[in-house]
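Source file: model_27.txt (compact mmCIF, C-alpha atoms)
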# COMPACT_ATOMS: atom_id res chain seq x y z
CA ILE M 1 15.41 -17.10 -22.28
CA ALA M 2 12.35 -19.18 -23.10
CA GLU M 3 9.17 -18.05 -21.38
CA GLN M 4 8.01 -21.57 -20.51
CA GLU M 5 7.08 -22.48 -16.94
CA ILE M 6 9.19 -24.91 -14.93
CA PRO M 7 7.40 -28.13 -15.95
CA THR M 8 7.58 -30.11 -12.70
CA ARG M 9 6.68 -29.07 -9.17
CA PHE M 10 9.40 -30.70 -7.12
CA THR M 11 8.50 -32.46 -3.89
CA GLU M 12 10.56 -31.25 -0.94
CA ASP M 13 12.64 -34.48 -0.88
CA ALA M 14 13.25 -34.44 -4.62
CA LEU M 15 14.16 -30.77 -4.48
CA THR M 16 16.63 -31.36 -1.65
CA GLU M 17 18.25 -34.23 -3.58
CA ALA M 18 18.49 -32.12 -6.73
CA MET M 19 20.02 -29.21 -4.79
CA LEU M 20 22.70 -31.45 -3.28
CA ALA M 21 23.80 -32.47 -6.78
CA ALA M 22 23.46 -28.96 -8.21
CA PRO M 23 26.13 -26.23 -8.25
CA THR M 24 26.73 -24.15 -5.14
CA ASP M 25 26.08 -20.41 -4.99
CA ASP M 26 29.81 -19.75 -5.23
CA GLU M 27 29.99 -21.83 -8.38
CA CYS M 28 27.08 -19.91 -9.89
CA LEU M 29 28.68 -16.56 -9.04
CA THR M 30 31.96 -17.63 -10.65
CA CYS M 31 30.30 -16.65 -13.93
CA HIS M 32 27.31 -14.58 -12.89
CA HIS M 33 29.31 -11.95 -10.99
CA MET M 34 30.80 -10.79 -14.32
CA LYS M 35 29.34 -7.43 -15.34
CA THR M 36 29.44 -8.28 -19.04
CA LEU M 37 27.52 -11.54 -18.81
CA ALA M 38 24.61 -11.22 -21.21
CA ARG M 39 21.54 -13.09 -22.34
CA ASP M 40 22.27 -12.08 -25.92
CA VAL M 41 24.34 -9.61 -27.95
CA GLY M 42 23.76 -5.97 -27.05
CA ARG M 43 22.33 -6.68 -23.59
CA SER M 44 25.49 -6.64 -21.51
CA GLY M 45 24.91 -7.37 -17.84
CA THR M 46 21.46 -8.91 -18.19
CA LEU M 47 22.67 -12.10 -16.50
CA THR M 48 24.87 -10.37 -13.94
CA VAL M 49 24.16 -10.89 -10.23
CA ASP M 50 25.66 -8.48 -7.73
CA PRO M 51 26.62 -10.58 -4.66
CA SER M 52 26.39 -7.54 -2.37
CA THR M 53 22.87 -6.67 -3.52
CA LEU M 54 21.78 -10.30 -3.29
CA SER M 55 23.13 -10.58 0.26
CA HIS M 56 20.80 -7.74 1.38
CA SER M 57 17.72 -9.00 -0.42
CA ALA M 58 14.80 -10.93 1.03
CA HIS M 59 16.04 -13.93 -0.94
CA ALA M 60 19.55 -13.81 0.53
CA LYS M 61 19.15 -17.10 2.39
CA LEU M 62 17.88 -19.00 -0.65
CA ALA M 63 20.32 -21.03 -2.71
CA CYS M 64 20.39 -20.14 -6.41
CA VAL M 65 19.14 -23.60 -7.37
CA ARG M 66 16.17 -23.23 -5.06
CA CYS M 67 14.63 -21.04 -7.76
CA HIS M 68 16.66 -22.14 -10.78
CA THR M 69 15.79 -25.81 -10.30
CA ASP M 70 16.84 -26.82 -13.81
CA ALA M 71 20.42 -25.58 -13.30
CA THR M 72 21.54 -29.09 -12.39
CA SER M 73 25.21 -28.41 -13.04
CA ALA M 74 27.58 -25.47 -13.40
CA LYS M 75 27.59 -26.13 -17.16
CA HIS M 76 23.85 -25.83 -17.49
CA PRO M 77 22.00 -25.28 -20.79
CA PRO M 78 21.65 -21.59 -21.82
CA GLN M 79 17.87 -21.91 -22.09
CA LEU M 80 16.89 -22.15 -18.43
CA ALA M 81 13.18 -21.95 -17.68
CA ARG M 82 11.80 -18.65 -16.52
CA VAL M 83 11.47 -18.41 -12.75
CA ARG M 84 8.15 -16.98 -11.62
CA CYS M 85 7.59 -15.36 -8.22
CA THR M 86 4.15 -16.93 -8.01
CA ARG M 87 5.59 -20.46 -7.97
CA CYS M 88 6.34 -19.87 -4.27
CA HIS M 89 4.12 -16.88 -3.50
CA VAL M 90 0.82 -18.48 -4.47
CA LYS M 91 -1.29 -16.77 -1.80
CA GLU M 92 0.06 -13.32 -2.75
CA ARG M 93 -0.66 -14.02 -6.42
CA ASP M 94 -4.26 -15.02 -5.69
CA HIS M 95 -4.80 -11.86 -3.65
CA LEU M 96 -3.07 -9.63 -6.19
CA GLU M 97 -5.23 -10.93 -9.02
CA GLN M 98 -8.24 -9.47 -7.18
CA SER M 99 -6.47 -6.24 -6.24
CA VAL M 100 -6.31 -2.80 -7.83
CA HIS M 101 -2.53 -3.24 -7.80
CA LEU M 102 -2.80 -5.80 -10.58
CA ARG M 103 -2.73 -2.70 -12.80
CA VAL M 104 0.86 -2.06 -11.72
CA GLY M 105 1.98 -5.00 -13.82
CA GLU M 106 -0.56 -4.23 -16.55
CA GLY M 107 -2.47 -7.38 -15.67
CA ASP M 108 0.58 -9.60 -15.13
CA PRO M 109 1.17 -10.38 -11.43
CA GLU M 110 4.83 -11.16 -12.15
CA GLN M 111 5.50 -7.70 -13.57
CA GLY M 112 3.64 -6.18 -10.64
CA CYS M 113 5.93 -8.04 -8.21
CA ILE M 114 9.02 -6.69 -9.97
CA LYS M 115 7.81 -3.08 -10.16
CA CYS M 116 7.08 -2.94 -6.42
CA HIS M 117 9.70 -5.28 -4.97
CA GLY M 118 12.45 -5.21 -7.59
CA GLY M 119 13.96 -8.19 -9.40
CA ALA M 120 14.39 -11.53 -7.66
CA HIS M 121 18.05 -10.80 -6.81
CA GLN M 122 17.35 -7.46 -5.14
CA VAL M 123 13.79 -8.03 -3.89
CA GLU M 124 13.02 -5.80 -0.92
CA VAL M 125 11.14 -6.56 2.23
CA PRO M 126 8.30 -3.97 2.29
CA GLN M 127 9.09 -1.06 4.60
CA GLY M 128 5.83 0.66 5.51
CA ARG M 129 4.64 3.55 3.40
CA ALA M 130 8.01 3.93 1.63
CA LEU M 131 6.79 1.29 -0.81
CA CYS M 132 3.46 3.11 -1.29
CA ALA M 133 5.27 6.41 -1.88
CA ARG M 134 6.80 5.16 -5.13
CA CYS M 135 3.43 5.36 -6.89
CA HIS M 136 1.49 7.59 -4.49
CA PRO M 137 3.83 10.53 -3.73
CA LYS M 138 1.09 13.15 -3.19
CA GLU M 139 -0.92 10.94 -0.86
CA THR M 140 2.24 10.11 1.06
CA ARG M 141 3.18 13.80 1.45
CA ASP M 142 -0.34 14.58 2.64
CA TYR M 143 -0.21 11.69 5.10
CA ASP M 144 3.21 12.76 6.44
CA SER M 145 1.77 16.18 7.38
CA SER M 146 -1.50 14.78 8.76
CA VAL M 147 -2.36 14.06 12.39
CA HIS M 148 -1.77 10.37 11.77
CA GLY M 149 1.55 10.84 9.96
CA VAL M 150 2.95 13.34 12.47
CA ALA M 151 1.94 11.12 15.39
CA ARG M 152 3.54 8.11 13.74
CA ALA M 153 6.76 10.05 13.07
CA ASN M 154 6.83 10.99 16.76
CA GLY M 155 6.76 7.34 17.79
CA ASP M 156 3.02 6.85 18.32
CA SER M 157 2.43 3.23 17.31
CA ASP M 158 -1.35 3.69 17.67
CA ALA M 159 -1.50 6.10 14.72
CA SER M 160 -2.90 4.54 11.56
CA THR M 161 -0.82 3.83 8.45
CA CYS M 162 -1.71 3.07 4.82
CA SER M 163 -2.38 -0.61 5.49
CA ASP M 164 -4.55 0.13 8.53
CA CYS M 165 -7.05 1.90 6.31
CA HIS M 166 -6.52 0.25 2.92
CA GLY M 167 -5.45 -3.24 3.95
CA SER M 168 -2.42 -5.19 2.75
CA SER M 169 -0.95 -3.95 -0.54
CA HIS M 170 -1.91 -7.27 -2.18
CA ASP M 171 -5.51 -6.90 -1.02
CA VAL M 172 -6.26 -3.28 -1.96
CA VAL M 173 -9.34 -3.04 -4.16
CA PRO M 174 -10.83 0.07 -5.89
CA THR M 175 -12.72 2.47 -3.63
CA ASP M 176 -15.92 1.89 -5.61
CA ASP M 177 -15.74 -1.84 -4.84
CA PRO M 178 -17.99 -2.75 -1.86
CA ARG M 179 -15.15 -4.94 -0.53
CA SER M 180 -12.88 -1.91 -0.15
CA LYS M 181 -12.20 -0.81 3.41
CA VAL M 182 -12.53 2.79 2.26
CA SER M 183 -15.65 2.44 0.11
CA ARG M 184 -18.49 4.72 1.13
CA ASP M 185 -20.32 1.80 2.74
CA SER M 186 -17.27 0.62 4.70
CA LEU M 187 -15.47 3.83 5.61
CA THR M 188 -17.27 4.52 8.88
CA ASN M 189 -16.47 1.02 10.17
CA THR M 190 -12.83 1.39 9.09
CA CYS M 191 -12.44 4.68 10.98
CA ALA M 192 -14.36 3.14 13.90
CA ARG M 193 -11.66 0.50 14.40
CA CYS M 194 -9.73 3.21 16.21
CA HIS M 195 -12.22 6.00 16.82
CA GLU M 196 -14.81 3.78 18.49
CA ASP M 197 -12.24 2.47 20.92
CA ARG M 198 -13.01 4.76 23.84
CA GLU M 199 -9.98 3.66 25.86
CA LEU M 200 -7.70 4.44 22.93
CA MET M 201 -9.38 7.80 22.31
CA ILE M 202 -8.97 8.85 25.95
CA ARG M 203 -5.37 7.63 26.03
CA ARG M 204 -4.57 9.61 22.88
CA LYS M 205 -6.46 12.65 24.28
CA ILE M 206 -8.81 12.84 21.29
CA THR M 207 -11.10 15.86 21.76
CA ILE M 208 -14.30 14.04 20.78
CA PRO M 209 -13.93 10.40 21.89
CA ASP M 210 -17.49 9.50 20.82
CA ALA M 211 -17.16 10.95 17.29
CA VAL M 212 -18.19 7.75 15.50
CA GLN M 213 -21.40 7.27 17.46
CA LEU M 214 -22.24 10.97 17.16
CA PHE M 215 -21.81 10.67 13.38
CA ARG M 216 -23.98 7.56 13.19
CA ASN M 217 -26.74 9.37 15.08
CA SER M 218 -26.48 12.46 12.88
CA VAL M 219 -28.45 13.32 9.75
CA HIS M 220 -25.39 12.44 7.70
CA GLY M 221 -24.85 9.08 9.36
CA ARG M 222 -28.52 8.10 9.16
CA SER M 223 -28.96 9.23 5.56
CA THR M 224 -29.60 6.59 2.90
CA LYS M 225 -28.50 8.91 0.10
CA SER M 226 -25.47 7.68 -1.85
CA LYS M 227 -23.77 11.09 -1.65
CA ALA M 228 -24.36 11.71 2.06
CA ALA M 229 -21.23 12.99 3.81
CA HIS M 230 -18.82 10.47 5.26
CA CYS M 231 -15.71 10.88 7.41
CA ASN M 232 -13.31 11.79 4.60
CA ASP M 233 -15.72 14.25 2.98
CA CYS M 234 -15.15 16.58 5.92
CA HIS M 235 -11.77 15.50 7.28
CA GLU M 236 -9.87 14.76 4.03
CA SER M 237 -8.59 11.21 4.15
CA HIS M 238 -4.82 11.67 3.68
CA ARG M 239 -4.53 15.35 4.61
CA MET M 240 -6.35 15.23 7.94
CA ARG M 241 -5.23 18.14 10.13
CA ARG M 242 -6.13 19.25 13.65
CA ALA M 243 -9.08 21.60 14.06
CA ASP M 244 -6.77 24.37 15.36
CA ASP M 245 -4.56 24.15 12.23
CA PRO M 246 -5.42 27.05 9.85
CA THR M 247 -4.91 24.67 6.88
CA SER M 248 -7.36 22.11 8.24
CA SER M 249 -10.66 21.51 6.46
CA ILE M 250 -12.38 21.77 9.85
CA TYR M 251 -10.57 24.91 11.04
CA ARG M 252 -13.19 27.46 12.14
CA LYS M 253 -12.66 29.78 9.17
CA ASN M 254 -12.71 26.85 6.72
CA ILE M 255 -15.87 25.10 7.91
CA GLU M 256 -18.02 27.17 5.55
CA LYS M 257 -16.05 25.99 2.49
CA THR M 258 -16.03 22.39 3.69
CA CYS M 259 -19.79 22.26 4.24
CA GLY M 260 -20.23 24.25 1.04
CA ARG M 261 -18.89 21.37 -1.02
CA CYS M 262 -22.30 19.76 -0.61
CA HIS M 263 -24.42 22.66 0.66
CA ARG M 264 -23.46 25.39 -1.82
CA LYS M 265 -26.58 27.56 -1.50
CA GLU M 266 -26.52 27.44 2.29
CA ALA M 267 -22.84 28.34 2.33
CA GLU M 268 -23.43 31.34 0.07
CA ALA M 269 -26.28 32.51 2.28
CA TYR M 270 -24.15 32.08 5.40
CA GLN M 271 -21.31 34.04 3.84
CA ILE M 272 -23.42 37.17 3.37
CA GLY M 273 -25.18 36.76 6.74
CA VAL M 274 -24.14 38.42 10.00
CA HIS M 275 -22.32 35.33 11.25
CA GLY M 276 -20.37 34.78 8.06
CA GLN M 277 -19.39 38.44 7.89
CA ALA M 278 -18.29 38.35 11.51
CA VAL M 279 -16.03 35.35 10.90
CA THR M 280 -14.56 37.11 7.86
CA ARG M 281 -13.72 40.09 10.13
CA GLY M 282 -11.93 37.74 12.50
CA VAL M 283 -14.55 37.46 15.23

File written out as structure tokens:
Amino acid sequence: IAEQEIPTRFTEDALTEAMLAAPTDDECLTCHHMKTLARDVGRSGTLTVDPSTLSHSAHAKLACVRCHTDATSAKHPPQLARVRCTRCHVKERDHLEQSVHLRVGEGDPEQGCIKCHGGAHQVEVPQGRALCARCHPKETRDYDSSVHGVARANGDSDASTCSDCHGSSHDVVPTDDPRSKVSRDSLTNTCARCHEDRELMIRRKITIPDAVQLFRNSVHGRSTKSKAAHCNDCHESHRMRRADDPTSSIYRKNIEKTCGRCHRKEAEAYQIGVHGQAVTRGV
């Protein structure tokens, strides 16, 4: 199939008129349901459309000719123009072109659409973190075992999800970009969206409801150094566990190692001191 764009942007009236004269979906599927239908020799099935898959896709309610506007009759030319997602999804394209997820399609928004959502005939409506898990399995596993993931699995709609911290999948930018919601300059404000809401913190029985303000008043929060500790340096962004969980980065026996990531000499001194030795003995 030629790679050219559809040359004319139809007005709504012209498109409606063209669709009335064009073949129906049933007429299209008379040929396109065949499993051997091919674009060229050796590529059997490349023009096959599974009616069952299409009926469950996000495009199920769209007529075939809504996208294939140059298929003006059932006996259409073999060289139909390439249909591009971005002809309709202009806003998503503009956002994606500024997003880290542009890499998914190796710089081509169209390929990125397909890799995340599937082809036009089976395109999926995004279902939470299941879509993120395809490319980020480790982060998803960590999230599922975190305080946020466990709360969400137990029906807590207040618990944050991927998009709450990172933004819409089309808007995610690299963490070193100042526009990122999880950049070092923005992270505190992102966490504060929930953790500065005192009513929410009390309702969720969070142990330290004023954690954000305490952090901002601390030596870490007031520091102007680029490597000063932020929320995820201590709590681990995706793997955040409760303080009474032995695997948590802020569990009593693990605090030394967590602080030691930045304060190595102090951690070593603490370890050989009376307090560090006492903790090692289980006191």

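Shortest atom-to-atom contact with M:Ala58 among M:Arg252, M:Lys225, M:Arg184, M:His117: M:His117, counting only C-alpha atoms.
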
What are the nearest atom pairs, with distances in Å to one decimal, for all residues of stretch 135-248 of chain M that come at most 7 Å from stretch 91-110 of chain M, using only C-alpha atoms, set out by chain and rising residue number as a Markdown table?
| residue | atom | partner | partner_atom | distance |
| --- | --- | --- | --- | --- |
| M:His170 | CA | M:Leu96 | CA | 4.8 |
| M:Asp171 | CA | M:Ser99 | CA | 5.3 |
| M:Val172 | CA | M:Ser99 | CA | 5.2 |
| M:Val173 | CA | M:Val100 | CA | 4.8 |
| M:Pro174 | CA | M:Val100 | CA | 5.7 |

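One distance worth recording is that between atom CA of M:Thr175 and atom CA of M:Leu187, which is 9.7 Å.
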
What lies within 8 Å of stretch 231-243 of chain M using only C-alpha atoms, ignoring chain neighbours under 6 positions off, as a PDB file with C-alpha atoms, in the frame of the given file?
ATOM      1  CA  GLU M 139      -0.920  10.940  -0.860  1.00  0.00           C
ATOM      2  CA  THR M 140       2.240  10.110   1.060  1.00  0.00           C
ATOM      3  CA  ASP M 142      -0.340  14.580   2.640  1.00  0.00           C
ATOM      4  CA  TYR M 143      -0.210  11.690   5.100  1.00  0.00           C
ATOM      5  CA  SER M 145       1.770  16.180   7.380  1.00  0.00           C
ATOM      6  CA  SER M 146      -1.500  14.780   8.760  1.00  0.00           C
ATOM      7  CA  VAL M 147      -2.360  14.060  12.390  1.00  0.00           C
ATOM      8  CA  HIS M 148      -1.770  10.370  11.770  1.00  0.00           C
ATOM      9  CA  LEU M 187     -15.470   3.830   5.610  1.00  0.00           C
ATOM     10  CA  THR M 188     -17.270   4.520   8.880  1.00  0.00           C
ATOM     11  CA  CYS M 191     -12.440   4.680  10.980  1.00  0.00           C
ATOM     12  CA  SER M 249     -10.660  21.510   6.460  1.00  0.00           C
ATOM     13  CA  ILE M 250     -12.380  21.770   9.850  1.00  0.00           C
ATOM     14  CA  TYR M 251     -10.570  24.910  11.040  1.00  0.00           C
ATOM     15  CA  ARG M 252     -13.190  27.460  12.140  1.00  0.00           C
ATOM     16  CA  THR M 258     -16.030  22.390   3.690  1.00  0.00           C
ATOM     17  CA  CYS M 259     -19.790  22.260   4.240  1.00  0.00           C
TER      18      CYS M 259
END

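Reported to one decimal place, the separation of atom CA of M:Thr247 from atom CA of M:Ser226 is 28.1 Å.
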
Using all atoms listed in the file, find each residue of stretch 175-248 of chain M with at least one atom at most 12 Å away from an atom of stretch 263-275 of chain M; report its shortest atom-to-atom pair and that distance in Å (one decimal), sort the rows by chain and rising residue number, and return the result as CSV.
residue,atom,partner,partner_atom,distance
M:Lys227,CA,M:His263,CA,11.8
M:Ala228,CA,M:His263,CA,11.0
M:Ala229,CA,M:His263,CA,10.7

Give me the residues near M:Ser55 as a list of chain:residue names, where near means some atom within 10 Å (using all atoms listed in the file) and where sequence neighbours in that chain fewer than 5 positions away do not count.
M:Asp50, M:Ala60, M:Lys61, M:Leu62, M:His121, M:Gln122

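Nearest to M:Pro78 of all the residues M:Val65, M:Leu47, M:Ile206, M:Val279 is M:Leu47, counting only C-alpha atoms.
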
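The gap separating atom CA of M:Lys138 from atom CA of M:Asp197 is 29.5 Å, in Å to one decimal.
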
For each of M:His68, M:Lys205, M:His33, M:Lys181, take the minimum atom-to-atom distance to M:Arg193, counting all atoms listed in the file, then give the residue where this is smallest.
M:Lys181

Box centre and edge lengths (Å, one decimal), axis-aligned, stretch 168-183 of chain M plus 4 Å each side, as lines of an AutoDock Vina configuration file:
center_x = -9.5
center_y = -2.2
center_z = -1.2
size_x = 25.0
size_y = 18.1
size_z = 17.3

Go through M:His220, M:His32, M:Val283, M:Arg203 and flag the residue nearest M:Ser44, using only C-alpha atoms for the distances.
M:His32

Spatial neighbours of M:Ala71, 10 Å, all atoms listed in the file, chain gap at least 6 places, as a short mmCIF file (atom, residue, chain, number, x, y, z; two decimals) with C-alpha atoms, keeping the file's coordinate frame:
data_model
loop_
_atom_site.label_atom_id
_atom_site.label_comp_id
_atom_site.auth_asym_id
_atom_site.auth_seq_id
_atom_site.Cartn_x
_atom_site.Cartn_y
_atom_site.Cartn_z
CA ALA M 18 18.49 -32.12 -6.73
CA MET M 19 20.02 -29.21 -4.79
CA ALA M 22 23.46 -28.96 -8.21
CA PRO M 23 26.13 -26.23 -8.25
CA CYS M 28 27.08 -19.91 -9.89
CA CYS M 64 20.39 -20.14 -6.41
CA VAL M 65 19.14 -23.60 -7.37
CA PRO M 77 22.00 -25.28 -20.79
CA PRO M 78 21.65 -21.59 -21.82
CA GLN M 79 17.87 -21.91 -22.09
CA LEU M 80 16.89 -22.15 -18.43
CA ALA M 81 13.18 -21.95 -17.68
#

Taking (29.0, -3.5, -12.2) in the coordinates of the supplied file, I want to know which residues reach to within 9 Å of it, counting all atoms listed in the file; could you give the answer as a ChimeraX atom specification?
/M:33-36,45,48,50

So that I can check the surroundings of M:Asp164, please list as a PyMOL selection string every protein, DNA and RNA residue that reaches within 10 Å of it, counting all atoms listed in the file and ignoring chain neighbours fewer than 2 positions away.
chain M and resi 159-162+166-168+181+190-191+193-194

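Of the listed residues (M:Arg134, M:Arg281, M:His195, M:Arg179), M:His195 comes nearest to M:Ile208; the distances count all atoms listed in the file.
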
N, CA and C atoms are what I want for stretch 27-39 of chain M; can you complete it accordingly and write them as a PDB file, keeping the file's coordinate frame?
ATOM      1  N   GLU M  27      29.752 -21.376  -7.006  1.00  0.00           N
ATOM      2  CA  GLU M  27      29.990 -21.830  -8.380  1.00  0.00           C
ATOM      3  C   GLU M  27      29.166 -21.022  -9.368  1.00  0.00           C
ATOM      4  N   CYS M  28      27.931 -20.723  -9.015  1.00  0.00           N
ATOM      5  CA  CYS M  28      27.080 -19.910  -9.890  1.00  0.00           C
ATOM      6  C   CYS M  28      27.680 -18.517 -10.096  1.00  0.00           C
ATOM      7  N   LEU M  29      28.156 -17.929  -8.983  1.00  0.00           N
ATOM      8  CA  LEU M  29      28.680 -16.560  -9.040  1.00  0.00           C
ATOM      9  C   LEU M  29      30.050 -16.474  -9.719  1.00  0.00           C
ATOM     10  N   THR M  30      30.694 -17.628  -9.917  1.00  0.00           N
ATOM     11  CA  THR M  30      31.960 -17.630 -10.650  1.00  0.00           C
ATOM     12  C   THR M  30      31.763 -16.991 -12.022  1.00  0.00           C
ATOM     13  N   CYS M  31      30.622 -17.265 -12.632  1.00  0.00           N
ATOM     14  CA  CYS M  31      30.300 -16.650 -13.930  1.00  0.00           C
ATOM     15  C   CYS M  31      29.380 -15.438 -13.769  1.00  0.00           C
ATOM     16  N   HIS M  32      28.374 -15.586 -12.924  1.00  0.00           N
ATOM     17  CA  HIS M  32      27.310 -14.580 -12.890  1.00  0.00           C
ATOM     18  C   HIS M  32      27.692 -13.287 -12.175  1.00  0.00           C
ATOM     19  N   HIS M  33      28.886 -13.223 -11.575  1.00  0.00           N
ATOM     20  CA  HIS M  33      29.310 -11.950 -10.990  1.00  0.00           C
ATOM     21  C   HIS M  33      29.877 -11.018 -12.065  1.00  0.00           C
ATOM     22  N   MET M  34      30.182 -11.587 -13.244  1.00  0.00           N
ATOM     23  CA  MET M  34      30.800 -10.790 -14.320  1.00  0.00           C
ATOM     24  C   MET M  34      29.810  -9.774 -14.879  1.00  0.00           C
ATOM     25  N   LYS M  35      30.225  -8.518 -14.932  1.00  0.00           N
ATOM     26  CA  LYS M  35      29.340  -7.430 -15.340  1.00  0.00           C
ATOM     27  C   LYS M  35      28.975  -7.475 -16.820  1.00  0.00           C
ATOM     28  N   THR M  36      29.723  -8.235 -17.606  1.00  0.00           N
ATOM     29  CA  THR M  36      29.440  -8.280 -19.040  1.00  0.00           C
ATOM     30  C   THR M  36      28.592  -9.482 -19.439  1.00  0.00           C
ATOM     31  N   LEU M  37      28.275 -10.332 -18.478  1.00  0.00           N
ATOM     32  CA  LEU M  37      27.520 -11.540 -18.810  1.00  0.00           C
ATOM     33  C   LEU M  37      26.153 -11.144 -19.363  1.00  0.00           C
ATOM     34  N   ALA M  38      25.832 -11.675 -20.537  1.00  0.00           N
ATOM     35  CA  ALA M  38      24.610 -11.220 -21.210  1.00  0.00           C
ATOM     36  C   ALA M  38      23.765 -12.376 -21.712  1.00  0.00           C
ATOM     37  N   ARG M  39      22.479 -12.105 -21.791  1.00  0.00           N
ATOM     38  CA  ARG M  39      21.540 -13.090 -22.340  1.00  0.00           C
ATOM     39  C   ARG M  39      21.746 -13.204 -23.848  1.00  0.00           C
TER      40      ARG M  39
END
